[in-house]
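A.B. asks: Sharing start-v7.txt, compact mmCIF, C-alpha atoms and all ligand atoms:
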```
# COMPACT_ATOMS: atom_id res chain seq x y z
CA MET A 108 -50.75 129.12 -16.49
CA ILE A 109 -51.68 127.44 -13.21
CA ARG A 110 -49.78 128.53 -10.12
CA LYS A 111 -49.69 127.21 -6.59
CA ARG A 112 -50.02 129.74 -3.86
CA VAL A 113 -50.35 129.76 -0.11
CA HIS A 114 -53.61 130.96 1.40
CA ILE A 115 -54.30 131.49 5.09
CA GLY A 116 -57.99 131.11 5.74
CA ASP A 117 -60.35 131.84 8.61
CA GLY A 118 -59.16 130.14 11.77
CA GLY A 119 -55.58 130.14 10.45
CA THR A 120 -56.02 127.14 8.12
CA ILE A 121 -53.20 126.96 5.60
CA ALA A 122 -54.03 125.75 2.09
CA ILE A 123 -52.06 125.50 -1.13
CA LEU A 124 -54.37 126.73 -3.89
CA ALA A 125 -53.90 125.86 -7.57
CA GLU A 126 -55.29 128.66 -9.69
CA PRO A 127 -54.58 130.53 -12.94
CA THR A 128 -51.83 133.18 -12.72
CA PRO A 129 -53.56 136.51 -13.39
CA ILE A 130 -52.61 138.63 -16.42
CA ALA A 131 -50.06 141.32 -15.51
CA LEU A 132 -51.25 144.92 -15.52
CA ASP A 133 -49.28 147.61 -17.43
CA GLN A 134 -46.53 148.27 -14.93
CA GLU A 135 -46.43 144.83 -13.36
CA ALA A 136 -43.61 142.34 -13.68
CA VAL A 137 -44.17 138.60 -13.40
CA ILE A 138 -41.92 137.14 -10.74
CA GLU A 139 -41.01 133.51 -10.21
CA PHE A 140 -40.79 132.35 -6.60
CA ARG A 141 -37.35 131.77 -5.06
CA ALA A 142 -37.87 132.37 -1.33
CA SER A 143 -40.19 134.01 1.15
CA GLY A 144 -39.59 134.47 4.86
CA ILE A 145 -42.15 133.95 7.60
CA CYS A 146 -42.16 136.69 10.20
CA GLY A 147 -43.87 137.58 13.46
CA THR A 148 -46.52 139.42 11.46
CA ASP A 149 -47.48 136.17 9.71
CA ILE A 150 -47.59 134.25 12.98
CA SER A 151 -49.84 136.76 14.72
CA ALA A 152 -51.99 137.20 11.60
CA ARG A 153 -52.50 133.43 11.33
CA ASP A 154 -53.51 133.39 15.00
CA GLY A 155 -55.99 136.21 14.38
CA GLN A 156 -53.91 138.47 16.64
CA HIS A 157 -52.56 141.07 14.23
CA PRO A 158 -54.28 144.46 14.56
CA TYR A 159 -53.99 145.26 10.82
CA VAL A 160 -53.94 141.90 9.04
CA PRO A 161 -57.38 140.25 9.09
CA LEU A 162 -57.91 136.69 7.84
CA PRO A 163 -58.05 135.39 5.19
CA TYR A 164 -54.93 136.63 3.38
CA TYR A 165 -52.23 135.67 0.89
CA PRO A 166 -48.91 135.72 2.78
CA GLY A 167 -45.35 136.45 1.65
CA HIS A 168 -44.01 139.97 2.19
CA GLU A 169 -40.34 138.97 2.55
CA ALA A 170 -40.26 137.79 -1.02
CA VAL A 171 -37.31 137.03 -3.29
CA GLY A 172 -37.85 135.97 -6.88
CA ALA A 173 -36.56 136.03 -10.42
CA VAL A 174 -38.07 138.25 -13.09
CA ILE A 175 -39.86 136.25 -15.78
CA GLU A 176 -41.43 139.14 -17.67
CA ALA A 177 -40.99 142.86 -17.16
CA PRO A 178 -42.95 145.65 -18.86
CA GLU A 179 -41.18 147.73 -21.49
CA GLY A 180 -39.39 150.81 -20.27
CA THR A 181 -37.98 149.28 -17.09
CA ASP A 182 -34.39 148.24 -16.63
CA LEU A 183 -35.39 144.83 -15.28
CA ARG A 184 -34.47 141.83 -17.40
CA PRO A 185 -35.69 138.25 -17.31
CA GLY A 186 -33.59 136.30 -14.81
CA ASP A 187 -32.84 139.29 -12.57
CA LEU A 188 -33.04 138.43 -8.89
CA VAL A 189 -35.33 140.88 -7.08
CA THR A 190 -36.89 141.36 -3.68
CA VAL A 191 -40.24 143.03 -3.16
CA ILE A 192 -40.66 146.27 -1.21
CA PRO A 193 -44.08 145.31 0.17
CA THR A 194 -45.10 148.82 1.29
CA LEU A 195 -47.17 149.64 -1.82
CA TRP A 196 -47.23 153.43 -1.46
CA CYS A 197 -49.53 155.61 -3.57
CA GLY A 198 -46.95 158.24 -4.50
CA ARG A 199 -49.56 161.05 -4.32
CA CYS A 200 -50.47 161.65 -0.67
CA LYS A 201 -48.89 164.21 1.64
CA ASN A 202 -46.52 161.69 3.22
CA CYS A 203 -45.43 160.12 -0.08
CA LEU A 204 -44.70 163.58 -1.48
CA ARG A 205 -42.43 164.13 1.52
CA GLY A 206 -40.66 160.85 0.83
CA LEU A 207 -42.27 159.11 3.82
CA THR A 208 -43.61 156.21 1.78
CA ASN A 209 -43.74 153.94 4.85
CA ILE A 210 -46.61 156.03 6.25
CA CYS A 211 -48.48 156.49 2.97
CA GLU A 212 -52.09 157.47 3.65
CA ASN A 213 -53.32 154.99 1.05
CA MET A 214 -50.96 152.14 1.84
CA GLN A 215 -51.55 148.65 0.59
CA PHE A 216 -49.22 145.92 1.76
CA PHE A 217 -47.99 143.16 -0.53
CA GLY A 218 -48.26 139.81 1.22
CA THR A 219 -50.55 140.98 4.02
CA GLY A 220 -54.02 141.70 2.69
CA TYR A 221 -53.08 142.65 -0.88
CA ARG A 222 -54.35 140.55 -3.80
CA GLU A 223 -50.82 139.21 -4.39
CA GLY A 224 -48.28 137.75 -1.97
CA GLY A 225 -44.83 136.25 -2.32
CA MET A 226 -45.66 132.68 -1.27
CA ALA A 227 -46.73 131.70 -4.77
CA GLU A 228 -44.99 130.03 -7.69
CA ARG A 229 -45.50 133.19 -9.72
CA TYR A 230 -46.78 136.59 -8.66
CA LEU A 231 -47.28 140.09 -10.01
CA VAL A 232 -45.76 143.28 -8.64
CA ASP A 233 -45.59 146.81 -10.03
CA THR A 234 -41.93 147.30 -10.94
CA LYS A 235 -41.59 150.39 -8.77
CA TYR A 236 -41.80 148.11 -5.73
CA LEU A 237 -39.03 145.80 -6.88
CA PHE A 238 -35.46 146.07 -5.62
CA ARG A 239 -32.84 144.41 -7.78
CA VAL A 240 -30.63 142.23 -5.56
CA PRO A 241 -26.96 143.20 -5.99
CA ASP A 242 -24.73 140.64 -7.70
CA GLY A 243 -23.05 138.26 -5.31
CA LEU A 244 -25.92 137.92 -2.85
CA SER A 245 -27.54 134.50 -2.62
CA VAL A 246 -31.30 133.96 -2.53
CA ARG A 247 -31.11 133.28 1.21
CA GLN A 248 -29.08 136.41 1.85
CA ALA A 249 -31.54 138.41 -0.24
CA ALA A 250 -34.38 137.08 1.91
CA LEU A 251 -32.89 138.95 4.85
CA ILE A 252 -32.99 142.37 3.13
CA GLU A 253 -36.61 143.09 4.09
CA PRO A 254 -36.26 141.96 7.74
CA LEU A 255 -33.05 144.01 8.10
CA ALA A 256 -34.62 147.13 6.59
CA THR A 257 -37.02 147.38 9.55
CA PRO A 258 -34.30 147.66 12.26
CA LEU A 259 -32.30 150.07 10.08
CA HIS A 260 -35.33 152.34 9.89
CA ALA A 261 -36.12 151.90 13.61
CA VAL A 262 -32.61 152.97 14.60
CA ASP A 263 -32.89 155.97 12.23
CA GLN A 264 -36.09 157.06 13.94
CA ALA A 265 -34.41 157.05 17.36
CA PRO A 266 -32.05 159.74 18.67
CA ASP A 267 -28.41 159.14 17.66
CA VAL A 268 -27.33 155.94 19.41
CA ALA A 269 -23.56 156.53 19.22
CA GLY A 270 -22.06 156.24 22.69
CA ARG A 271 -25.51 156.07 24.34
CA ALA A 272 -26.92 153.60 26.87
CA VAL A 273 -29.52 151.43 25.16
CA VAL A 274 -31.82 148.53 26.08
CA VAL A 275 -33.32 146.15 23.51
CA ILE A 276 -36.38 144.25 24.77
CA GLY A 277 -36.92 141.06 22.79
CA SER A 278 -34.21 139.12 20.99
CA GLY A 279 -36.05 137.46 18.13
CA THR A 280 -34.96 138.17 14.57
CA ILE A 281 -35.85 141.86 14.72
CA GLY A 282 -34.37 142.44 18.19
CA ARG A 283 -31.18 140.71 17.20
CA LEU A 284 -30.91 142.73 13.99
CA VAL A 285 -31.58 145.91 15.99
CA LEU A 286 -28.62 144.92 18.19
CA ALA A 287 -26.41 144.33 15.14
CA VAL A 288 -27.33 147.74 13.70
CA LEU A 289 -26.73 149.40 17.08
CA ARG A 290 -23.26 147.86 17.29
CA HIS A 291 -22.55 149.00 13.74
CA ARG A 292 -23.61 152.55 14.68
CA GLY A 293 -21.30 152.73 17.69
CA VAL A 294 -23.77 152.32 20.54
CA GLY A 295 -22.32 152.70 24.06
CA LYS A 296 -23.51 150.17 26.66
CA VAL A 297 -26.31 147.97 25.44
CA ALA A 298 -28.42 145.46 27.37
CA VAL A 299 -30.71 142.87 25.79
CA VAL A 300 -33.75 141.44 27.58
CA ASP A 301 -35.40 138.15 26.64
CA LEU A 302 -37.06 135.14 28.26
CA ASP A 303 -34.96 132.65 26.32
CA PRO A 304 -31.41 132.01 27.67
CA LYS A 305 -30.27 130.71 24.24
CA LYS A 306 -31.18 133.98 22.56
CA LEU A 307 -29.38 135.81 25.32
CA GLU A 308 -26.22 133.79 24.72
CA ILE A 309 -26.20 135.03 21.14
CA ALA A 310 -26.75 138.62 22.27
CA ALA A 311 -23.88 138.25 24.76
CA ALA A 312 -21.62 136.98 21.96
CA MET A 313 -22.53 140.15 20.07
CA GLY A 314 -21.23 142.25 22.96
CA ALA A 315 -24.44 143.00 24.85
CA GLU A 316 -25.15 142.76 28.55
CA THR A 317 -28.01 140.33 28.99
CA ILE A 318 -30.98 140.16 31.33
CA GLN A 319 -33.31 137.17 31.52
CA ALA A 320 -36.84 138.52 31.73
CA GLY A 321 -38.85 137.46 34.74
CA THR A 322 -35.87 136.88 37.04
CA GLY A 323 -36.16 140.11 39.00
CA ASP A 324 -37.10 143.76 38.75
CA LEU A 325 -36.15 144.71 35.22
CA ASN A 326 -35.72 148.36 36.06
CA THR A 327 -33.13 147.54 38.73
CA GLN A 328 -31.44 144.94 36.52
CA GLY A 329 -31.31 147.30 33.54
CA ARG A 330 -29.78 150.14 35.55
CA ALA A 331 -27.22 147.72 36.99
CA ALA A 332 -26.29 146.43 33.53
CA LEU A 333 -25.96 149.89 32.00
CA GLY A 334 -24.69 151.74 35.08
CA GLU A 335 -27.38 154.36 34.38
CA SER A 336 -30.90 154.76 32.99
CA ALA A 337 -31.44 153.96 29.33
CA ASP A 338 -31.16 156.83 26.87
CA ILE A 339 -33.12 154.75 24.38
CA VAL A 340 -35.14 151.54 24.73
CA PHE A 341 -36.12 149.52 21.66
CA ASP A 342 -39.26 147.58 22.57
CA CYS A 343 -39.40 144.76 20.04
CA VAL A 344 -42.21 142.99 21.93
CA SER A 345 -44.75 145.75 22.67
CA THR A 346 -46.98 144.29 25.35
CA GLN A 347 -48.35 146.13 28.38
CA GLN A 348 -45.53 144.65 30.45
CA THR A 349 -42.71 145.53 28.06
CA LEU A 350 -43.92 149.07 27.43
CA SER A 351 -44.24 149.71 31.18
CA ASP A 352 -40.75 148.28 31.70
CA ALA A 353 -39.36 150.33 28.82
CA ILE A 354 -40.79 153.57 30.24
CA ARG A 355 -39.28 152.86 33.65
CA LEU A 356 -35.90 152.05 32.09
CA ALA A 357 -36.00 155.32 30.12
CA ASP A 358 -36.79 157.34 33.23
CA ARG A 359 -35.80 160.18 33.12
CA GLY A 360 -35.64 161.88 29.79
CA GLY A 361 -35.18 158.79 27.62
CA THR A 362 -36.88 157.64 24.46
CA VAL A 363 -38.87 154.44 23.99
CA MET A 364 -39.02 153.12 20.43
CA THR A 365 -42.07 150.92 19.77
CA VAL A 366 -40.78 148.44 17.19
CA GLY A 367 -42.80 145.26 17.87
CA VAL A 368 -46.41 145.07 16.71
CA PRO A 369 -48.75 145.37 19.74
CA HIS A 370 -51.78 143.08 19.72
CA GLY A 371 -53.98 145.86 21.07
CA PRO A 372 -54.04 149.12 23.07
CA VAL A 373 -51.91 149.34 26.23
CA ASN A 374 -51.94 151.82 29.12
CA VAL A 375 -49.26 154.44 29.57
CA ASP A 376 -48.25 156.12 32.84
CA LEU A 377 -48.94 159.55 31.38
CA PRO A 378 -48.08 161.59 34.51
CA LEU A 379 -44.63 159.98 34.56
CA LEU A 380 -44.19 160.53 30.81
CA GLN A 381 -45.02 164.21 31.18
CA ASP A 382 -43.18 164.95 34.39
CA HIS A 383 -39.99 163.08 33.48
CA GLN A 384 -39.96 164.17 29.84
CA ILE A 385 -40.01 160.64 28.43
CA GLU A 386 -40.79 160.16 24.77
CA ILE A 387 -42.47 157.21 23.02
CA ARG A 388 -42.03 156.93 19.26
CA GLY A 389 -43.59 154.49 16.85
CA THR A 390 -41.59 153.15 13.93
CA ILE A 391 -42.95 151.16 11.02
CA THR A 392 -41.25 149.31 8.20
CA TYR A 393 -38.73 151.23 6.12
CA LEU A 394 -38.06 153.47 3.16
CA PRO A 395 -36.76 152.17 -0.18
CA ARG A 396 -33.26 153.45 0.68
CA ASP A 397 -33.18 151.04 3.64
CA TYR A 398 -33.18 148.17 1.13
CA SER A 399 -29.92 149.40 -0.43
CA ARG A 400 -28.38 149.88 3.01
CA ALA A 401 -29.54 146.44 4.15
CA ALA A 402 -28.10 144.82 1.01
CA GLU A 403 -24.77 146.59 1.65
CA LEU A 404 -24.59 145.40 5.27
CA ILE A 405 -25.25 141.82 4.13
CA SER A 406 -22.79 142.04 1.19
CA SER A 407 -20.04 143.43 3.39
CA GLY A 408 -20.56 140.69 6.00
CA VAL A 409 -21.58 143.08 8.81
CA ILE A 410 -24.79 141.03 8.97
CA ALA A 411 -24.18 137.32 8.42
CA ALA A 412 -27.51 136.28 6.90
CA ASP A 413 -26.78 132.60 7.37
CA ASP A 414 -26.71 133.09 11.16
CA TYR A 415 -30.32 134.22 11.10
CA ILE A 416 -31.89 131.68 8.75
CA THR A 417 -32.33 128.44 10.66
CA SER A 418 -34.60 126.40 8.43
CA CYS A 419 -36.04 126.17 4.93
CA PHE A 420 -39.19 124.42 3.67
CA ALA A 421 -40.72 123.83 0.23
CA LEU A 422 -43.78 125.89 -0.75
CA ASP A 423 -45.94 122.75 -0.43
CA ASP A 424 -44.86 122.44 3.21
CA ALA A 425 -46.07 125.91 4.16
CA GLU A 426 -48.09 124.62 7.10
CA ALA A 427 -45.09 122.84 8.64
CA ALA A 428 -43.02 125.97 8.03
CA PHE A 429 -45.56 128.21 9.79
CA ASP A 430 -45.73 125.74 12.69
CA ALA A 431 -41.93 125.73 12.95
CA ALA A 432 -41.84 129.53 12.89
CA ARG A 433 -44.40 129.64 15.70
CA SER A 434 -42.59 127.04 17.82
CA GLY A 435 -40.11 129.59 19.15
CA LYS A 436 -37.25 127.18 18.39
CA GLU A 437 -36.32 128.76 15.07
CA ARG A 438 -34.94 132.14 14.16
CA LYS A 439 -35.89 132.92 10.54
CA VAL A 440 -37.85 130.27 8.66
CA LEU A 441 -38.01 130.50 4.87
CA LEU A 442 -40.14 128.90 2.23
CA VAL A 443 -37.83 128.30 -0.73
CA ALA A 444 -37.98 127.01 -4.29
CA GLU A 445 -36.94 123.38 -4.85
CA SER A 446 -33.65 124.63 -6.33
CA GLU A 447 -32.78 126.28 -3.00
CA LEU A 448 -33.55 123.35 -0.71
ZN ZN A 501 -42.30 140.94 8.25
ZN ZN A 502 -49.14 157.81 -0.34
```
Please lay out the structure from this file as structure tokens.
Ligand SMILES: [Zn+2]
Ligand SMILES: [Zn+2]

C.D. replies:
Amino acid sequence: MIRKRVHIGDGGTIAILAEPTPIALDQEAVIEFRASGICGTDISARDGQHPYVPLPYYPGHEAVGAVIEAPEGTDLRPGDLVTVIPTLWCGRCKNCLRGLTNICENMQFFGTGYREGGMAERYLVDTKYLFRVPDGLSVRQAALIEPLATPLHAVDQAPDVAGRAVVVIGSGTIGRLVLAVLRHRGVGKVAVVDLDPKKLEIAAAMGAETIQAGTGDLNTQGRAALGESADIVFDCVSTQQTLSDAIRLADRGGTVMTVGVPHGPVNVDLPLLQDHQIEIRGTITYLPRDYSRAAELISSGVIAADDYITSCFALDDAEAAFDAARSGKERKVLLVAESEL
């Protein structure tokens, strides 16, 4: 059966290929496309800027679909709504055996470099990487499970945020979801930094102090907003500038969480880090349990998915969708099936 699927070629050219759907392997289910989000990873990969996603690739790692065929012995049934856990862990390495599947030593990543991606009319995924969407969640809500799992994991990797002074640098989808999770976990004072006043208005409505980047010395502004240094800084941008700012805000004794994907190496003021006992921690993706927690937060209304998804395009309009996502004017852009438009 012929399927359409999105391909991002050298130079970031977006094409819709028509090609035979491959035959499913033993443990693979066949999934029919319902929605797939475009994220910062896709934007930087298309621009040739992502450190771990070379071109060309088949995009779609925030994928929601309906089961068409499932192998015997699974509890998936045709028609079940599922979302893909794109971290295709091996299950055998040291980290997998410890349950740390997000840092599998043999990781492949569905929708970023893997042979299959979720921006296709039909695609194949081993059933162990499928999460059944709880009843009552819409396709659009389900499309936010993967993006929300990342902030849930990032906040878990940080010291306990309850009652602490926290700064979030960057208020795109991930930064905003980090803020929502922080509020849910009882954070003390929290300040959000961004260039865009509109994004800051939203953060302010969510109870954060706000600082417009580039309007003064961030370290001074951050301390004024919090009344103290930051115990924890979530850097959702991860440039030289933001990391340097984050370290100064966390001075002394604070923790900097590197959440955003850096485009390349950056310098660290190592003497300051050592002498003022500052910690920098990386955090990547999520564990399968974060999917259940994300689904619960969306089901219970703690995270209003519809506030995050600002526009939807058909699969055929992938190029326009990627352009819209890159424009900076949208929050979350989805490709969706005709039935969801
Ligand atoms: Zn993503
Ligand atoms: Zn592994």

A.B. asks: Which residue out of A:Ser351, A:Tyr165, A:Cys200, A:Gly225 has the minimum interatomic distance to Ile121 of chain A when only C-alpha atoms are used?

C.D. replies: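 Among the listed residues, the smallest separation from Ile121 of chain A belongs to A:Tyr165.
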
A.B. asks: Looking at A:Gly147, A:Arg112, A:Trp196, A:Ala444, which one is nearest to ligand ZN 502 (chain A), with distances taken over only C-alpha atoms and all ligand atoms?

C.D. replies: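 Nearest to ligand ZN 502 (chain A): A:Trp196.
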
A.B. asks: Counting all atoms listed in the file, which protein, DNA or RNA residues come within 8 Å of ligand ZN 501 (chain A), given as a PyMOL selection string?

C.D. replies: chain A and resi 144-149+168-169+253-254

A.B. asks: What residues have any atom no more than 9 Å from ligand ZN 502 (chain A) when counting only C-alpha atoms and all ligand atoms, and can you list them as a list in words?

C.D. replies: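 So, counting only C-alpha atoms and all ligand atoms, the residues near ligand ZN 502 (chain A) are Leu195, Trp196, Cys197, Gly198, Arg199, Cys200, Lys201, Asn202, Cys203, Leu204, Leu207, Thr208, Asn209, Ile210, Cys211, Glu212, Asn213 and Met214 of chain A.
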
A.B. asks: Residues at most 12 Å from Pro369 of chain A, counting all atoms listed in the file, excluding those fewer than 3 positions away in the same chain, as a short mmCIF file (atom, residue, chain, number, x, y, z; two decimals) with C-alpha atoms, in the coordinates of the input?

C.D. replies:
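Result file follows (result_25.cif):
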```
data_model
loop_
_atom_site.label_atom_id
_atom_site.label_comp_id
_atom_site.auth_asym_id
_atom_site.auth_seq_id
_atom_site.Cartn_x
_atom_site.Cartn_y
_atom_site.Cartn_z
CA GLY A 147 -43.87 137.58 13.46
CA THR A 148 -46.52 139.42 11.46
CA SER A 151 -49.84 136.76 14.72
CA ALA A 152 -51.99 137.20 11.60
CA GLN A 156 -53.91 138.47 16.64
CA HIS A 157 -52.56 141.07 14.23
CA PRO A 158 -54.28 144.46 14.56
CA TYR A 159 -53.99 145.26 10.82
CA ASP A 342 -39.26 147.58 22.57
CA CYS A 343 -39.40 144.76 20.04
CA VAL A 344 -42.21 142.99 21.93
CA SER A 345 -44.75 145.75 22.67
CA THR A 346 -46.98 144.29 25.35
CA GLN A 347 -48.35 146.13 28.38
CA GLN A 348 -45.53 144.65 30.45
CA THR A 349 -42.71 145.53 28.06
CA LEU A 350 -43.92 149.07 27.43
CA THR A 365 -42.07 150.92 19.77
CA VAL A 366 -40.78 148.44 17.19
CA PRO A 372 -54.04 149.12 23.07
CA VAL A 373 -51.91 149.34 26.23
CA ASN A 374 -51.94 151.82 29.12
CA GLY A 389 -43.59 154.49 16.85
CA ILE A 391 -42.95 151.16 11.02
#
```

A.B. asks: Which residues, written as a list in words, have at least one atom at most 9 Å from Ala425 of chain A, with all atoms listed in the file counted and residues fewer than 6 positions away on the same chain left out?

C.D. replies: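 In the requested form, the answer reads Val113, Ile121, Ala122, Ile123, Met226 and Leu442 of chain A.
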
A.B. asks: List the spatial neighbours of Val300 of chain A as number ranges by chain - criterion: any atom at most 8 Å away, only C-alpha atoms, same-chain residues fewer than 2 positions off excluded.

C.D. replies: A: 274-278, 298, 302, 307, 317-320

A.B. asks: Once 8 Å is added on each side, what are the centre and the three edge lengths, in Å to one decimal, of the axis-aligned box enclosing the listed atoms of segment 344-348 of chain A? Present them as lines of an AutoDock Vina configuration file.

C.D. replies:
```
center_x = -45.3
center_y = 144.6
center_z = 26.2
size_x = 22.1
size_y = 19.1
size_z = 24.5
```

A.B. asks: Rank nothing, just name the residue among A:Leu289, A:Val409, A:Ala272, A:Ala261 nearest to Ala357 of chain A, using only C-alpha atoms.

C.D. replies: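 Closest to Ala357 of chain A, using only C-alpha atoms: A:Ala272.
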
A.B. asks: Could you state the separation of atom CA of Lys296 of chain A and atom CA of Ala315 of chain A in Å, given to one decimal place?

C.D. replies: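 Computing the Euclidean distance for atom CA of Lys296 of chain A and atom CA of Ala315 of chain A yields 7.5 Å.
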
A.B. asks: Determine, counting only C-alpha atoms, which protein, DNA and RNA residues have an atom within 12 Å of an atom of Gly270 of chain A; residues of the same chain fewer than 3 positions away are not included. Present the result as a list in words.

C.D. replies: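 Final neighbour list, sorted by chain and number: Pro266, Asp267, Val273, Leu289, Arg290, His291, Arg292, Gly293, Val294, Gly295, Lys296, Val297, Leu333, Ala337, Asp338 and Ile339 of chain A.
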
A.B. asks: Using all atoms listed in the file, which residue out of A:Ala136, A:Ala142, A:Leu286, A:Ile109 lies closest to Leu183 of chain A?

C.D. replies: A:Ala136

A.B. asks: When you count all atoms listed in the file, which of these residues is closest to Pro163 of chain A: A:Tyr221, A:Tyr393, A:Phe216, A:Phe140?

C.D. replies: A:Tyr221

A.B. asks: Between A:Met313, A:Ala131, A:Val171, A:Ala411, which has the minimum distance to Leu231 of chain A (counting all atoms listed in the file)?

C.D. replies: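 When distances to Leu231 of chain A are compared using all atoms listed in the file, the smallest one comes from A:Ala131.
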
A.B. asks: If you measure from atom CA of Glu308 of chain A to atom CA of Gly329 of chain A, what distance in Å do you get, rounded to one decimal?

C.D. replies: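 Going from atom CA of Glu308 of chain A over to atom CA of Gly329 of chain A, I get 16.9 Å.
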
A.B. asks: Which value, in Å to one decimal, gives the distance between atom CA of Arg247 of chain A and atom CA of Lys235 of chain A?

C.D. replies: 22.4 Å

A.B. asks: Residues within 10 Å of Val443 of chain A, please, as an NGL selection string. Count only C-alpha atoms; anything in the same chain fewer than 3 positions from it doesn't count.

C.D. replies: :A and (140-144 or 170-172 or 226 or 246-247 or 250 or 418-425 or 440 or 446-448)
